[in-house]
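Student: Sending over a structure as structure tokens; questions will come in a sec.
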Amino acid sequence: MHTRFLLERFRDCGSKEAIIWKGESYSYARLLESIEECRSLLDRYRVQAGSVVVLEGDFTPGTLAFMFALIDRECLIVPLTSGMDSRKEEIYEIAQAQLVLAMDAEDRVSVSSFPTRTSHELLISLQEREHPGLILFSSGSTGKSKATVHDFTVMLKKFATDRVRAGKRIMGFLFFDHIGGINTVLNALSSGGCIVALEDRSPDRVCAAIARHKVQVLPASPTFLNLLLLSEAYRRHDLSSLELINYGTEAMNEHTLTRIREVLPQVGLLQSYGMSEIGIIRSSSRSPDSLWMKFKGEDYETRIVDGLLEVKSEFTMLGYLNAESRFTEDGWYRTGDAAECDGEYFRIRGRQSEMINIGGEKIYPVEIENVLLQMDEVIEVSVAGEQNLITGTMITATVQLRDRLPAAEFRARMRAFCRDKLPVWGIPQKCVIVEELAPGNRMKKKRS
Amino acid sequence: MTTNTNKPQSMEAILGDIVYPALEEILSAKEAAIEMSETTVLFGEGAVLNSLELVSFIVLAEERVNDNLESGGITLTSEKAMSRSSTPFRTVGTLAEYIDELLQEEAAV
């Protein structure tokens, strides 16, 4: 019943395109048929309301049909993509999974069930309320994956309000098991839009898909946008259909933002702020090339405490399955993002966990990367703090250079370049030159 | 002929191939010309480097030492170095002696 408004909209859309997968188009009518088939399968397996169901797939017609069938049945859904394969067992255990629906490369389902009993209080609270749930696992590049639990009915509320929105053609770039990917699905399909699935997230494949399927909205990470600039894939494909790039998931470099505006002047740029714990918050930037933003709507309250951003909203998660709460006693979520504020606008400086404290002075990797990226010699850079017995921490920059250059020569140029742009302690003490800096598995920058 | 060797190097080589070039790179970024000798003070009272420059300098010296080693390499800023009553980072000469000492140990393994 929680999906009733969605199913009604799907019906209204009828023959409109809902999903493009492997180049083939699937209409809303076909999506509804698939949802019906999924319902009978769930009946056959006697899947009850409140069951914890892992859904392994991607932006495929089958996966999305199951997602809506499961929401409708008030199940607790754990979306997973193949990127998490190595952690599956751990995830099944933490989520107390009872059923696994795994979609194969041809979008066919295989089902396995486990005789697990739900005992976690957050899961039980959803079962008692008879609300569908969403359990998202962080990629946990630095240790254990954290499982956030959301009430799906709350998440759907944002999309239920009758706003007149022209359905856009949106790229399924962010991952299906990521808050951004779930947001893409709900946003596209609740407004009669279309999701274009990708098999590969390389800049050329993404640009080719934009050109071929007339994609209008590209949600992407700053790391991907930087790869797009480096590859110059935008020169090789017709991106004239693109209206908006929505970026988030990590701090943006001013340099990347400026360059994107130069090469794609017709495209609007919108920063959103989001994390699994709080959902995706609609925001607006002070100006198109500004990193200062404010939240739109009255859904979210923000405050800065000790330099760190805190958010209060009904849309935040219920809690973690396997980690300490990050809520204050009065219900504010501690984001762990260091932020500055200027009136109603704020700017994210970086993750508190990535902050470099060098002899008592504080600086964030992205602030240093921002400067190094302005050097003509540099095409990509990743900055991290490294332990050092003299100053406690030293700053190491791992750089990919445009042309081969002796290390000493690069270091000299870097020091000279940074002198009037960074405080003395912010100039990297160590430089490692590498052939290629690969992004992390979620198209976010890796900082080791 | 490869120069890779685990054999200890002469003091002249340590000074000429490792310490002076690394120090020169750091000092070249400074405005005033500074003369380098074995008595040049690196750390503490009268030092030519501030603490951040010292870190950069040690990183460079360490890279230069390890570039010529076949084994895993030495670490200059270890607990051992920091806990000595007289720091090996005091002057160019003491640092060169310390590198020599570490190379001898490394070769003996």
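Within each chain, counting starts at residue 1; across the structure tokens, chains are named A, B, ... in the order shown, with ligands numbered 1 upward in that order.
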For Met36 of chain B, work out the shell of residues within 9 Å, counting only C-alpha atoms and skipping chain neighbours fewer than 3 positions away, then give it as a ChimeraX atom specification.

Tutor: /B:20,23-24,39-40,92

Student: Store the residues picked out above in a file with C-alpha atoms, as a PDB file, in the first residue's frame.

Tutor:
ATOM      1  CA  TYR B  20      74.089  17.395   0.541  1.00  0.00           C
ATOM      2  CA  LEU B  23      69.652  19.513   1.796  1.00  0.00           C
ATOM      3  CA  GLU B  24      70.426  21.557  -1.277  1.00  0.00           C
ATOM      4  CA  THR B  39      78.756  21.350  10.963  1.00  0.00           C
ATOM      5  CA  THR B  40      75.589  22.854   9.417  1.00  0.00           C
ATOM      6  CA  VAL B  92      74.825  17.289   8.654  1.00  0.00           C
TER       7      VAL B  92
END

Student: Please build the interface table for chain B against chain A with a cut-off of 12 Å, listing for each qualifying residue the nearest atom pair and the distance in Å to one decimal; count only C-alpha atoms, order rows by chain and increasing number, and write it as a tab-separated table.

Tutor:
residue	atom	partner	partner_atom	distance
B:Pro21	CA	A:Ala408	CA	10.2
B:Ala22	CA	A:Ala408	CA	9.4
B:Leu23	CA	A:Ala408	CA	11.9
B:Glu24	CA	A:Ala408	CA	10.9
B:Glu25	CA	A:Ala408	CA	7.6
B:Ile26	CA	A:Ala412	CA	8.6
B:Leu27	CA	A:Ala412	CA	10.7
B:Ser28	CA	A:Ala412	CA	8.5
B:Ala29	CA	A:Ala412	CA	7.4
B:Lys30	CA	A:Ala416	CA	10.2
B:Glu31	CA	A:Ala416	CA	11.7
B:Phe43	CA	A:Ile390	CA	10.5
B:Asn50	CA	A:Val424	CA	10.5
B:Ser51	CA	A:Thr391	CA	7.1
B:Leu52	CA	A:Trp425	CA	6.7
B:Glu53	CA	A:Gln429	CA	7.6
B:Leu54	CA	A:Ile390	CA	8.3
B:Val55	CA	A:Gln429	CA	6.5
B:Ser56	CA	A:Gln429	CA	4.5
B:Phe57	CA	A:Gln429	CA	8.3
B:Ile58	CA	A:Gln429	CA	9.5
B:Val59	CA	A:Lys430	CA	6.6
B:Leu60	CA	A:Lys430	CA	7.9
B:Ala61	CA	A:Lys430	CA	11.4
B:Glu62	CA	A:Lys430	CA	11.0
B:Glu63	CA	A:Lys430	CA	10.0
B:Arg64	CA	A:Ala408	CA	11.2
B:Thr75	CA	A:Asn388	CA	10.9
B:Leu76	CA	A:Leu389	CA	9.9
B:Thr77	CA	A:Leu389	CA	6.1
B:Ser78	CA	A:Leu389	CA	7.1
B:Glu79	CA	A:Leu389	CA	7.5
B:Lys80	CA	A:Leu389	CA	10.6
B:Ala81	CA	A:Leu389	CA	9.5
B:Met82	CA	A:Leu389	CA	7.5
B:Ser83	CA	A:Leu389	CA	10.6
B:Thr87	CA	A:Ile390	CA	11.5
B:Phe89	CA	A:Ile390	CA	10.5

Student: Can you tell me, as a list in words, which residues in segment 66-163 of chain A count as strand (DSSP E or B) by DSSP?

Tutor: Leu76, Ile77, Val78, Pro79, Leu80, Leu99, Val100, Leu101, Ala102, Met103, Val109, Ser110, Val111, Ser112, Ser113, Gly133, Leu134, Ile135, Leu136, Phe137, Ala147, Thr148, Val149, His150 and Asp151 of chain A

Student: Set the distance at 12 Å and use only C-alpha atoms: which residues neighbour Glu121 of chain A once local chain neighbours fewer than 2 positions away are removed? I'd like the list as number ranges by chain.

Tutor: A: 95-96, 117-119, 123-128, 149, 318-322

Student: Using backbone DSSP assignments, extract all helix (DSSP H, G or I) residues from segment 10-55 of chain B; output them as a PyMOL selection string.

Tutor: chain B and resi 11-27+51-55

Student: How would the residues just picked look written out with C-alpha atoms as a compact mmCIF listing (two decimals), in the first residue's frame?

Tutor:
# COMPACT_ATOMS: atom_id res chain seq x y z
CA MET B 11 81.25 8.76 4.44
CA GLU B 12 82.10 10.87 1.40
CA ALA B 13 79.46 9.04 -0.63
CA ILE B 14 76.85 9.43 2.11
CA LEU B 15 77.52 13.15 2.29
CA GLY B 16 77.97 13.74 -1.41
CA ASP B 17 75.22 11.51 -2.81
CA ILE B 18 72.65 11.65 -0.06
CA VAL B 19 72.81 14.40 2.54
CA TYR B 20 74.09 17.39 0.54
CA PRO B 21 71.84 16.94 -2.51
CA ALA B 22 68.77 16.47 -0.29
CA LEU B 23 69.65 19.51 1.80
CA GLU B 24 70.43 21.56 -1.28
CA GLU B 25 66.97 20.83 -2.67
CA ILE B 26 65.30 22.12 0.49
CA LEU B 27 67.59 25.13 0.89
CA SER B 51 60.49 21.48 11.51
CA LEU B 52 58.49 21.08 8.29
CA GLU B 53 61.57 21.57 6.16
CA LEU B 54 63.33 19.03 8.33
CA VAL B 55 60.55 16.51 7.60

Student: What does the distance from atom CA of Cys418 of chain A to atom CA of Glu377 of chain A come to in Å, to one decimal?

Tutor: 13.2 Å

Student: Show which residues sit within 9 Å of Leu70 of chain A, as a list in words. Count only C-alpha atoms, and ignore same-chain residues fewer than 5 positions away.

Tutor: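 Skipping anything fewer than 5 positions along the chain leaves Cys38, Arg39, Leu42, Ala49, Val53, Ala65, Cys75, Leu76, Ile77 and Pro132 of chain A.
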
Student: Can I get the selection written as a short mmCIF file (atom, residue, chain, number, x, y, z; two decimals), in the first residue's frame, with N, CA and C atoms?

Tutor:
data_model
loop_
_atom_site.label_atom_id
_atom_site.label_comp_id
_atom_site.auth_asym_id
_atom_site.auth_seq_id
_atom_site.Cartn_x
_atom_site.Cartn_y
_atom_site.Cartn_z
N CYS A 38 6.72 -10.54 -10.15
CA CYS A 38 7.53 -10.63 -8.93
C CYS A 38 6.64 -10.95 -7.74
N ARG A 39 5.45 -10.35 -7.72
CA ARG A 39 4.51 -10.60 -6.63
C ARG A 39 4.16 -12.09 -6.56
N LEU A 42 7.00 -13.98 -5.10
CA LEU A 42 7.09 -13.79 -3.65
C LEU A 42 6.00 -14.62 -2.94
N ALA A 49 5.31 -9.97 5.02
CA ALA A 49 5.69 -8.61 5.42
C ALA A 49 6.75 -8.72 6.52
N VAL A 53 14.98 -9.16 2.96
CA VAL A 53 15.27 -9.71 1.64
C VAL A 53 16.44 -8.97 1.00
N ALA A 65 11.75 -4.07 -10.67
CA ALA A 65 10.41 -4.62 -10.45
C ALA A 65 10.36 -5.30 -9.08
N CYS A 75 8.52 -5.45 2.95
CA CYS A 75 9.72 -6.20 3.32
C CYS A 75 10.83 -5.23 3.72
N LEU A 76 11.85 -5.76 4.35
CA LEU A 76 13.04 -4.97 4.68
C LEU A 76 14.09 -5.31 3.63
N ILE A 77 14.40 -4.34 2.79
CA ILE A 77 15.17 -4.63 1.58
C ILE A 77 16.64 -4.25 1.74
N PRO A 132 7.75 -0.90 5.25
CA PRO A 132 8.90 -1.46 4.53
C PRO A 132 10.18 -0.74 4.98
#
